[in-house]
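Pasted below: model.pdb, PDB, C-alpha atoms.
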```pdb
MODEL        1
ATOM      1  CA  MET A  29     -22.237 -63.183   3.015  1.00  0.00           C
ATOM      2  CA  LYS A  30     -23.216 -61.258  -0.068  1.00  0.00           C
ATOM      3  CA  LEU A  31     -25.111 -58.711   2.015  1.00  0.00           C
ATOM      4  CA  TYR A  32     -22.061 -58.242   4.248  1.00  0.00           C
ATOM      5  CA  LYS A  33     -19.790 -57.574   1.289  1.00  0.00           C
ATOM      6  CA  ASN A  34     -22.182 -55.061  -0.256  1.00  0.00           C
ATOM      7  CA  THR A  35     -22.548 -53.264   3.053  1.00  0.00           C
ATOM      8  CA  GLY A  36     -18.774 -53.155   3.448  1.00  0.00           C
ATOM      9  CA  LEU A  37     -18.390 -51.744  -0.051  1.00  0.00           C
ATOM     10  CA  LYS A  38     -20.911 -49.002   0.652  1.00  0.00           C
ATOM     11  CA  ILE A  39     -19.118 -48.001   3.834  1.00  0.00           C
ATOM     12  CA  CYS A  40     -15.799 -47.917   1.986  1.00  0.00           C
ATOM     13  CA  GLU A  41     -17.312 -45.786  -0.786  1.00  0.00           C
ATOM     14  CA  ARG A  42     -18.707 -43.354   1.755  1.00  0.00           C
ATOM     15  CA  VAL A  43     -15.320 -43.014   3.451  1.00  0.00           C
ATOM     16  CA  ILE A  44     -13.641 -42.351   0.093  1.00  0.00           C
ATOM     17  CA  LEU A  45     -16.334 -39.831  -0.859  1.00  0.00           C
ATOM     18  CA  LEU A  46     -15.961 -37.968   2.416  1.00  0.00           C
ATOM     19  CA  PHE A  47     -12.190 -37.922   1.956  1.00  0.00           C
ATOM     20  CA  VAL A  48     -12.531 -36.516  -1.569  1.00  0.00           C
ATOM     21  CA  ILE A  49     -14.929 -33.799  -0.375  1.00  0.00           C
ATOM     22  CA  PHE A  50     -12.632 -32.900   2.512  1.00  0.00           C
ATOM     23  CA  ALA A  51      -9.604 -32.721   0.207  1.00  0.00           C
ATOM     24  CA  PHE A  52     -11.565 -30.548  -2.232  1.00  0.00           C
ATOM     25  CA  PHE A  53     -12.419 -27.943   0.385  1.00  0.00           C
ATOM     26  CA  ILE A  54      -8.881 -27.942   1.744  1.00  0.00           C
ATOM     27  CA  GLY A  55      -7.573 -27.379  -1.776  1.00  0.00           C
ATOM     28  CA  MET A  56     -10.048 -24.555  -2.319  1.00  0.00           C
ATOM     29  CA  SER A  57      -8.975 -22.849   0.885  1.00  0.00           C
ATOM     30  CA  ILE A  58      -5.314 -23.056  -0.147  1.00  0.00           C
ATOM     31  CA  PHE A  59      -5.449 -22.407  -3.879  1.00  0.00           C
ATOM     32  CA  GLY A  60      -8.924 -21.055  -4.542  1.00  0.00           C
ATOM     33  CA  ASP A  61      -8.230 -17.357  -4.026  1.00  0.00           C
ATOM     34  CA  ASP A  62      -4.691 -16.404  -4.959  1.00  0.00           C
ATOM     35  CA  LYS A  63      -5.533 -12.724  -4.896  1.00  0.00           C
ATOM     36  CA  ALA A  64      -6.675 -12.825  -1.285  1.00  0.00           C
ATOM     37  CA  LEU A  65      -3.711 -14.901  -0.131  1.00  0.00           C
ATOM     38  CA  GLY A  66      -0.985 -13.296  -2.213  1.00  0.00           C
ATOM     39  CA  SER A  67       0.462  -9.830  -1.879  1.00  0.00           C
ATOM     40  CA  VAL A  68      -0.700  -6.981  -4.126  1.00  0.00           C
ATOM     41  CA  VAL A  69       1.929  -4.731  -5.693  1.00  0.00           C
ATOM     42  CA  LEU A  70       0.750  -1.133  -6.014  1.00  0.00           C
ATOM     43  CA  PHE A  71       4.016   0.215  -7.442  1.00  0.00           C
ATOM     44  CA  ASP A  72       7.312  -1.494  -8.240  1.00  0.00           C
ATOM     45  CA  GLY A  73       8.850   0.774 -10.856  1.00  0.00           C
ATOM     46  CA  GLN A  74       8.679  -1.946 -13.452  1.00  0.00           C
ATOM     47  CA  GLN A  75       5.249  -3.336 -14.377  1.00  0.00           C
ATOM     48  CA  HIS A  76       3.119  -1.337 -11.931  1.00  0.00           C
ATOM     49  CA  MET A  77       3.698   2.281 -12.855  1.00  0.00           C
ATOM     50  CA  SER A  78       0.142   3.437 -13.559  1.00  0.00           C
ATOM     51  CA  GLY A  79      -1.171   6.349 -11.536  1.00  0.00           C
ATOM     52  CA  LYS A  80      -0.178   9.899 -10.806  1.00  0.00           C
ATOM     53  CA  GLY A  81       1.627  11.608  -7.966  1.00  0.00           C
ATOM     54  CA  PHE A  82       1.582  15.132  -6.632  1.00  0.00           C
ATOM     55  CA  ALA A  83       3.678  17.539  -4.611  1.00  0.00           C
ATOM     56  CA  LEU A  84       2.050  20.579  -3.081  1.00  0.00           C
ATOM     57  CA  PRO A  85       2.973  23.741  -5.015  1.00  0.00           C
ATOM     58  CA  ARG A  86       5.140  25.410  -2.401  1.00  0.00           C
ATOM     59  CA  GLY A  87       8.547  26.691  -3.415  1.00  0.00           C
ATOM     60  CA  LEU A  88      10.097  24.270  -5.896  1.00  0.00           C
ATOM     61  CA  SER A  89       8.070  21.229  -4.839  1.00  0.00           C
ATOM     62  CA  LYS A  90       7.520  18.787  -7.657  1.00  0.00           C
ATOM     63  CA  PHE A  91       6.817  15.126  -8.443  1.00  0.00           C
ATOM     64  CA  GLU A  92       8.053  12.857 -11.214  1.00  0.00           C
ATOM     65  CA  LEU A  93       8.675   9.231 -12.121  1.00  0.00           C
ATOM     66  CA  SER A  94      12.438   9.064 -12.250  1.00  0.00           C
ATOM     67  CA  THR A  95      15.441   6.804 -12.677  1.00  0.00           C
ATOM     68  CA  ILE A  96      17.571   8.783 -10.229  1.00  0.00           C
ATOM     69  CA  ASN A  97      17.534   6.516  -7.191  1.00  0.00           C
ATOM     70  CA  THR A  98      15.589   3.328  -7.896  1.00  0.00           C
ATOM     71  CA  PHE A  99      15.394   0.516  -5.353  1.00  0.00           C
ATOM     72  CA  SER A 100      14.774  -2.470  -7.634  1.00  0.00           C
ATOM     73  CA  GLY A 101      12.734  -1.490 -10.692  1.00  0.00           C
ATOM     74  CA  SER A 102      13.416   0.904 -13.544  1.00  0.00           C
ATOM     75  CA  ARG A 103      11.528   3.848 -11.982  1.00  0.00           C
ATOM     76  CA  ASP A 104      10.918   5.374  -8.584  1.00  0.00           C
ATOM     77  CA  LEU A 105       8.477   7.941  -7.206  1.00  0.00           C
ATOM     78  CA  PHE A 106      10.549  11.100  -6.789  1.00  0.00           C
ATOM     79  CA  PHE A 107       9.350  14.051  -4.716  1.00  0.00           C
ATOM     80  CA  ASP A 108      11.471  17.210  -4.586  1.00  0.00           C
ATOM     81  CA  LEU A 109       9.969  19.192  -1.712  1.00  0.00           C
ATOM     82  CA  GLN A 110      10.844  22.770  -0.816  1.00  0.00           C
ATOM     83  CA  PHE A 111       8.782  24.784   1.637  1.00  0.00           C
ATOM     84  CA  ASP A 112       9.058  27.907   3.731  1.00  0.00           C
ATOM     85  CA  SER A 113       6.074  27.590   6.070  1.00  0.00           C
ATOM     86  CA  GLY A 114       7.018  24.556   8.123  1.00  0.00           C
ATOM     87  CA  TRP A 115       5.039  21.926   6.220  1.00  0.00           C
ATOM     88  CA  THR A 116       4.409  20.456   2.785  1.00  0.00           C
ATOM     89  CA  GLY A 117       2.936  17.288   1.344  1.00  0.00           C
ATOM     90  CA  CYS A 118       3.050  14.811  -1.509  1.00  0.00           C
ATOM     91  CA  GLY A 119       1.375  11.590  -2.534  1.00  0.00           C
ATOM     92  CA  TRP A 120       0.550   8.959  -5.124  1.00  0.00           C
ATOM     93  CA  ASN A 121      -2.774   7.848  -6.595  1.00  0.00           C
ATOM     94  CA  TRP A 122      -2.572   4.522  -8.443  1.00  0.00           C
ATOM     95  CA  THR A 123      -5.812   5.102 -10.385  1.00  0.00           C
ATOM     96  CA  SER A 124      -4.762   8.553 -11.673  1.00  0.00           C
ATOM     97  CA  TRP A 125      -7.795   9.970  -9.810  1.00  0.00           C
ATOM     98  CA  ASN A 126     -10.098   8.069 -12.130  1.00  0.00           C
ATOM     99  CA  TYR A 127     -13.330   7.542 -10.185  1.00  0.00           C
ATOM    100  CA  ASP A 128     -14.422   4.840 -12.630  1.00  0.00           C
ATOM    101  CA  ALA A 129     -11.261   2.762 -12.220  1.00  0.00           C
ATOM    102  CA  PRO A 130     -11.298  -0.271  -9.883  1.00  0.00           C
ATOM    103  CA  LYS A 131     -10.134   0.673  -6.395  1.00  0.00           C
ATOM    104  CA  THR A 132      -8.178  -1.491  -3.936  1.00  0.00           C
ATOM    105  CA  SER A 133      -9.779  -3.214  -0.968  1.00  0.00           C
ATOM    106  CA  ILE A 134      -7.427  -3.583   1.998  1.00  0.00           C
ATOM    107  CA  LYS A 135      -9.837  -5.760   3.987  1.00  0.00           C
ATOM    108  CA  SER A 136      -7.958  -9.021   3.259  1.00  0.00           C
ATOM    109  CA  TYR A 137      -4.546  -7.585   4.101  1.00  0.00           C
ATOM    110  CA  SER A 138      -2.728  -6.963   7.355  1.00  0.00           C
ATOM    111  CA  LYS A 139      -0.005  -4.473   6.460  1.00  0.00           C
ATOM    112  CA  ILE A 140       1.510  -2.257   3.804  1.00  0.00           C
ATOM    113  CA  ILE A 141       5.223  -2.119   3.072  1.00  0.00           C
ATOM    114  CA  PHE A 142       7.296   0.258   0.965  1.00  0.00           C
ATOM    115  CA  TYR A 143      10.856   1.520   0.683  1.00  0.00           C
ATOM    116  CA  ILE A 144      11.776   5.166   1.174  1.00  0.00           C
ATOM    117  CA  SER A 145      14.974   7.176   0.805  1.00  0.00           C
ATOM    118  CA  VAL A 146      15.205  10.732   2.149  1.00  0.00           C
ATOM    119  CA  SER A 147      18.051  13.135   1.431  1.00  0.00           C
ATOM    120  CA  PRO A 148      19.916  14.759   4.334  1.00  0.00           C
ATOM    121  CA  CYS A 149      17.764  17.678   5.437  1.00  0.00           C
ATOM    122  CA  SER A 150      16.213  19.281   8.493  1.00  0.00           C
ATOM    123  CA  ILE A 151      12.886  17.481   9.057  1.00  0.00           C
ATOM    124  CA  HIS A 152      10.915  17.192  12.272  1.00  0.00           C
ATOM    125  CA  ASP A 153       8.492  14.470  11.141  1.00  0.00           C
ATOM    126  CA  ILE A 154       7.160  12.490   8.150  1.00  0.00           C
ATOM    127  CA  THR A 155       3.649  11.008   8.202  1.00  0.00           C
ATOM    128  CA  PHE A 156       1.930   8.425   5.990  1.00  0.00           C
ATOM    129  CA  GLN A 157      -1.825   8.245   5.316  1.00  0.00           C
ATOM    130  CA  LEU A 158      -4.106   6.205   3.028  1.00  0.00           C
ATOM    131  CA  THR A 159      -6.869   7.819   0.976  1.00  0.00           C
ATOM    132  CA  SER A 160     -10.044   6.399  -0.557  1.00  0.00           C
ATOM    133  CA  ALA A 161     -12.301   7.396  -3.423  1.00  0.00           C
ATOM    134  CA  THR A 162     -15.613   9.156  -3.232  1.00  0.00           C
ATOM    135  CA  LYS A 163     -17.915  10.480  -5.913  1.00  0.00           C
ATOM    136  CA  PRO A 164     -16.584  13.319  -8.106  1.00  0.00           C
ATOM    137  CA  GLY A 165     -17.097  16.694  -6.497  1.00  0.00           C
ATOM    138  CA  THR A 166     -17.036  15.380  -2.933  1.00  0.00           C
ATOM    139  CA  GLN A 167     -14.198  15.114  -0.455  1.00  0.00           C
ATOM    140  CA  ASP A 168     -11.979  12.025  -0.498  1.00  0.00           C
ATOM    141  CA  GLY A 169     -11.802   9.659   2.451  1.00  0.00           C
ATOM    142  CA  PHE A 170      -8.763   9.882   4.721  1.00  0.00           C
ATOM    143  CA  GLY A 171      -7.322   7.351   7.146  1.00  0.00           C
ATOM    144  CA  LYS A 172      -5.285   7.951  10.272  1.00  0.00           C
ATOM    145  CA  LYS A 173      -1.769   9.370   9.944  1.00  0.00           C
ATOM    146  CA  VAL A 174       1.200   7.300  11.091  1.00  0.00           C
ATOM    147  CA  SER A 175       4.626   8.794  11.759  1.00  0.00           C
ATOM    148  CA  ILE A 176       7.320   6.952   9.788  1.00  0.00           C
ATOM    149  CA  PHE A 177      10.178   9.350  10.535  1.00  0.00           C
ATOM    150  CA  PRO A 178      11.495   7.407  13.574  1.00  0.00           C
ATOM    151  CA  PHE A 179      12.152   4.375  11.325  1.00  0.00           C
ATOM    152  CA  ILE A 180      14.395   6.290   8.913  1.00  0.00           C
ATOM    153  CA  LYS A 181      17.816   5.951  10.535  1.00  0.00           C
ATOM    154  CA  LYS A 182      20.080   6.660   7.564  1.00  0.00           C
ATOM    155  CA  ARG A 183      19.626   9.340   4.922  1.00  0.00           C
ATOM    156  CA  ASP A 184      20.193   8.697   1.210  1.00  0.00           C
ATOM    157  CA  THR A 185      19.646   4.984   1.903  1.00  0.00           C
ATOM    158  CA  TYR A 186      16.462   3.042   1.289  1.00  0.00           C
ATOM    159  CA  THR A 187      14.625   2.049   4.462  1.00  0.00           C
ATOM    160  CA  LYS A 188      11.907  -0.578   4.541  1.00  0.00           C
ATOM    161  CA  ILE A 189       8.727   0.780   6.139  1.00  0.00           C
ATOM    162  CA  GLU A 190       6.132  -1.705   7.411  1.00  0.00           C
ATOM    163  CA  ILE A 191       2.806  -0.442   8.806  1.00  0.00           C
ATOM    164  CA  ASP A 192      -0.114  -2.439  10.176  1.00  0.00           C
ATOM    165  CA  LEU A 193      -3.205  -1.457   8.205  1.00  0.00           C
ATOM    166  CA  SER A 194      -5.215  -1.343  11.426  1.00  0.00           C
ATOM    167  CA  LYS A 195      -3.197   1.759  12.363  1.00  0.00           C
ATOM    168  CA  LEU A 196      -4.098   3.457   9.066  1.00  0.00           C
ATOM    169  CA  GLU A 197      -7.821   2.721   9.056  1.00  0.00           C
ATOM    170  CA  GLY A 198     -10.452   4.908  10.662  1.00  0.00           C
ATOM    171  CA  GLN A 199     -11.632   8.482  10.236  1.00  0.00           C
ATOM    172  CA  THR A 200     -13.346   8.761   6.825  1.00  0.00           C
ATOM    173  CA  LEU A 201     -11.306   6.086   4.983  1.00  0.00           C
ATOM    174  CA  ASP A 202     -13.323   3.452   3.093  1.00  0.00           C
ATOM    175  CA  PRO A 203     -11.164   0.286   3.339  1.00  0.00           C
ATOM    176  CA  ALA A 204     -12.914  -1.207   0.287  1.00  0.00           C
ATOM    177  CA  GLU A 205     -12.155   1.773  -1.981  1.00  0.00           C
ATOM    178  CA  VAL A 206      -8.524   2.743  -1.304  1.00  0.00           C
ATOM    179  CA  TRP A 207      -6.742   4.431  -4.192  1.00  0.00           C
ATOM    180  CA  GLY A 208      -3.752   6.355  -2.894  1.00  0.00           C
ATOM    181  CA  PHE A 209      -1.594   7.683  -0.094  1.00  0.00           C
ATOM    182  CA  ASN A 210      -0.532  11.066   1.283  1.00  0.00           C
ATOM    183  CA  ILE A 211       2.769  11.946   2.920  1.00  0.00           C
ATOM    184  CA  GLY A 212       3.226  14.975   5.149  1.00  0.00           C
ATOM    185  CA  VAL A 213       6.679  16.469   5.723  1.00  0.00           C
ATOM    186  CA  PHE A 214       7.149  18.770   8.710  1.00  0.00           C
ATOM    187  CA  ALA A 215      10.078  21.114   9.360  1.00  0.00           C
ATOM    188  CA  GLY A 216       9.144  21.694  12.999  1.00  0.00           C
ATOM    189  CA  LYS A 217       8.133  25.276  13.745  1.00  0.00           C
ATOM    190  CA  ALA A 218       5.685  26.912  11.373  1.00  0.00           C
ATOM    191  CA  SER A 219       8.289  29.507  10.397  1.00  0.00           C
ATOM    192  CA  ASN A 220      11.012  26.971   9.593  1.00  0.00           C
ATOM    193  CA  PRO A 221      11.913  26.536   5.920  1.00  0.00           C
ATOM    194  CA  GLY A 222      12.953  23.169   4.613  1.00  0.00           C
ATOM    195  CA  ARG A 223      13.803  21.116   1.585  1.00  0.00           C
ATOM    196  CA  CYS A 224      14.206  17.406   1.039  1.00  0.00           C
ATOM    197  CA  LYS A 225      14.327  14.925  -1.793  1.00  0.00           C
ATOM    198  CA  MET A 226      12.301  11.801  -1.248  1.00  0.00           C
ATOM    199  CA  TYR A 227      12.234   8.548  -3.227  1.00  0.00           C
ATOM    200  CA  ILE A 228       9.608   5.826  -2.753  1.00  0.00           C
ATOM    201  CA  ASP A 229       9.620   2.367  -4.347  1.00  0.00           C
ATOM    202  CA  ASN A 230       8.084  -1.117  -4.081  1.00  0.00           C
ATOM    203  CA  ILE A 231       4.728  -0.393  -2.447  1.00  0.00           C
ATOM    204  CA  GLU A 232       2.941  -3.636  -1.557  1.00  0.00           C
ATOM    205  CA  LEU A 233      -0.016  -4.932   0.448  1.00  0.00           C
ATOM    206  CA  ILE A 234       0.739  -8.035   2.529  1.00  0.00           C
ATOM    207  CA  PRO A 235      -1.889 -10.561   3.796  1.00  0.00           C
TER
ENDMDL
END
```
How does the structure come out when it is put into structure tokens?
Amino acid sequence: MKLYKNTGLKICERVILLFVIFAFFIGMSIFGDDKALGSVVLFDGQQHMSGKGFALPRGLSKFELSTINTFSGSRDLFFDLQFDSGWTGCGWNWTSWNYDAPKTSIKSYSKIIFYISVSPCSIHDITFQLTSATKPGTQDGFGKKVSIFPFIKKRDTYTKIEIDLSKLEGQTLDPAEVWGFNIGVFAGKASNPGRCKMYIDNIELIP
């Protein structure tokens, strides 16, 4: 009888131990890596404003952090683009082109979202492209370009843009070392002039 009770106790202890181990691994999978499971904010105009933008020096093109047309934070990325040769570009680098700064891996994420407002103007297309870091003195990595112009239905109103990262990867982009994005603005024919004001806010990576 004593042997039976001891054996029963050991079996019960083993069941409890297995349950505890199982619960531990389940908990680790749910709570163990918040960074991998949660979204990553790259710019929100409030707490995440590090980095530098650019606008190609054509006409009166310029970039600035502004309070003109914010979406939710206190600042937005403002690009005032004027061009006379059919095309211009702008972008944002959240490490300020610092090769020693930690870059962003997009491997654990499925899409990128941001909000964009474009002033009424004559534009044929707008493209979005991710960039990655390389060593100083060498060319940066570039991902595939995705047209976002068809999603912008109303001008002077913020539109939510959502892009699958799989569509942006490829070419020379290093998905483990992403540090910025480029936007191309096209007026159509190479001889067409154009000007537009563009505001971008709340850039975020989503699992």
Box in all listed atoms of segment 88-100 of chain A, axis-aligned, with 5 Å more on each side; write out centre and edge lengths in Å to one decimal as lines of an AutoDock Vina configuration file.
```
center_x = 12.2
center_y = 10.9
center_z = -8.8
size_x = 20.8
size_y = 36.7
size_z = 17.8
```
**OP:** Pick out the residues sitting within 6 Å of Ser160 of chain A, and hand them over as a PyMOL selection string; count all atoms listed in the file, and ignore anything fewer than 5 positions along from it in its own chain.
**Re:** chain A and resi 168-169+201-202+205-207
Residues from the last selection, C-alpha atoms, saved as a tab-separated table (two decimals), in the frame of the given file:
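The result, written out as result-v8.tsv:
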```tsv
chain	number	residue	atom	x	y	z
A	168	ASP	CA	-11.98	12.02	-0.50
A	169	GLY	CA	-11.80	9.66	2.45
A	201	LEU	CA	-11.31	6.09	4.98
A	202	ASP	CA	-13.32	3.45	3.09
A	205	GLU	CA	-12.16	1.77	-1.98
A	206	VAL	CA	-8.52	2.74	-1.30
A	207	TRP	CA	-6.74	4.43	-4.19
```
Subject >> Thr116 of chain A environment, 9 Å, only C-alpha atoms, sequence neighbours closer than 3 positions dropped, as a ChimeraX atom specification >> reply: /A:83-86,89,109-113,211-215
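The space separating atom CA of Cys224 of chain A from atom CA of Leu70 of chain A comes to 24.0 Å.
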**OP:** Would you translate the PyMOL selection byres ((chain A and resi 142) around 12) into the concrete set of residues it matches in this file, as an MDAnalysis selection string?
**Re:** chainID A and resid 68:73 99:100 104:105 139:141 143:145 156 176 186:191 209 227:234
Write the residues you've just listed into a file as a PDB file, in the frame of the given file, and include C-alpha atoms for each of them.
```
ATOM      1  CA  VAL A  68      -0.700  -6.981  -4.126  1.00  0.00           C
ATOM      2  CA  VAL A  69       1.929  -4.731  -5.693  1.00  0.00           C
ATOM      3  CA  LEU A  70       0.750  -1.133  -6.014  1.00  0.00           C
ATOM      4  CA  PHE A  71       4.016   0.215  -7.442  1.00  0.00           C
ATOM      5  CA  ASP A  72       7.312  -1.494  -8.240  1.00  0.00           C
ATOM      6  CA  GLY A  73       8.850   0.774 -10.856  1.00  0.00           C
ATOM      7  CA  PHE A  99      15.394   0.516  -5.353  1.00  0.00           C
ATOM      8  CA  SER A 100      14.774  -2.470  -7.634  1.00  0.00           C
ATOM      9  CA  ASP A 104      10.918   5.374  -8.584  1.00  0.00           C
ATOM     10  CA  LEU A 105       8.477   7.941  -7.206  1.00  0.00           C
ATOM     11  CA  LYS A 139      -0.005  -4.473   6.460  1.00  0.00           C
ATOM     12  CA  ILE A 140       1.510  -2.257   3.804  1.00  0.00           C
ATOM     13  CA  ILE A 141       5.223  -2.119   3.072  1.00  0.00           C
ATOM     14  CA  TYR A 143      10.856   1.520   0.683  1.00  0.00           C
ATOM     15  CA  ILE A 144      11.776   5.166   1.174  1.00  0.00           C
ATOM     16  CA  SER A 145      14.974   7.176   0.805  1.00  0.00           C
ATOM     17  CA  PHE A 156       1.930   8.425   5.990  1.00  0.00           C
ATOM     18  CA  ILE A 176       7.320   6.952   9.788  1.00  0.00           C
ATOM     19  CA  TYR A 186      16.462   3.042   1.289  1.00  0.00           C
ATOM     20  CA  THR A 187      14.625   2.049   4.462  1.00  0.00           C
ATOM     21  CA  LYS A 188      11.907  -0.578   4.541  1.00  0.00           C
ATOM     22  CA  ILE A 189       8.727   0.780   6.139  1.00  0.00           C
ATOM     23  CA  GLU A 190       6.132  -1.705   7.411  1.00  0.00           C
ATOM     24  CA  ILE A 191       2.806  -0.442   8.806  1.00  0.00           C
ATOM     25  CA  PHE A 209      -1.594   7.683  -0.094  1.00  0.00           C
ATOM     26  CA  TYR A 227      12.234   8.548  -3.227  1.00  0.00           C
ATOM     27  CA  ILE A 228       9.608   5.826  -2.753  1.00  0.00           C
ATOM     28  CA  ASP A 229       9.620   2.367  -4.347  1.00  0.00           C
ATOM     29  CA  ASN A 230       8.084  -1.117  -4.081  1.00  0.00           C
ATOM     30  CA  ILE A 231       4.728  -0.393  -2.447  1.00  0.00           C
ATOM     31  CA  GLU A 232       2.941  -3.636  -1.557  1.00  0.00           C
ATOM     32  CA  LEU A 233      -0.016  -4.932   0.448  1.00  0.00           C
ATOM     33  CA  ILE A 234       0.739  -8.035   2.529  1.00  0.00           C
TER      34      ILE A 234
END
```
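Atom CA of Ser124 of chain A is found 13.5 Å from atom CA of Glu92 of chain A.
Taking atom CA of Ile134 of chain A and atom CA of Ser78 of chain A as endpoints, the distance between them is 18.7 Å.
If you measure from each of A:Ala204, A:Leu193, A:Val174, A:Ile180 to Thr162 of chain A using all atoms listed in the file, the closest one turns out to be A:Ala204.
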Subject >> Residue neighbourhood Thr123 of chain A, 8 Å, all atoms listed in the file, exclusion window fewer than 5 positions, as a list of chain:residue names >> reply: A:Ser78, A:Gly79, A:Lys80, A:Ala129, A:Pro130, A:Lys131, A:Trp207, A:Gly208
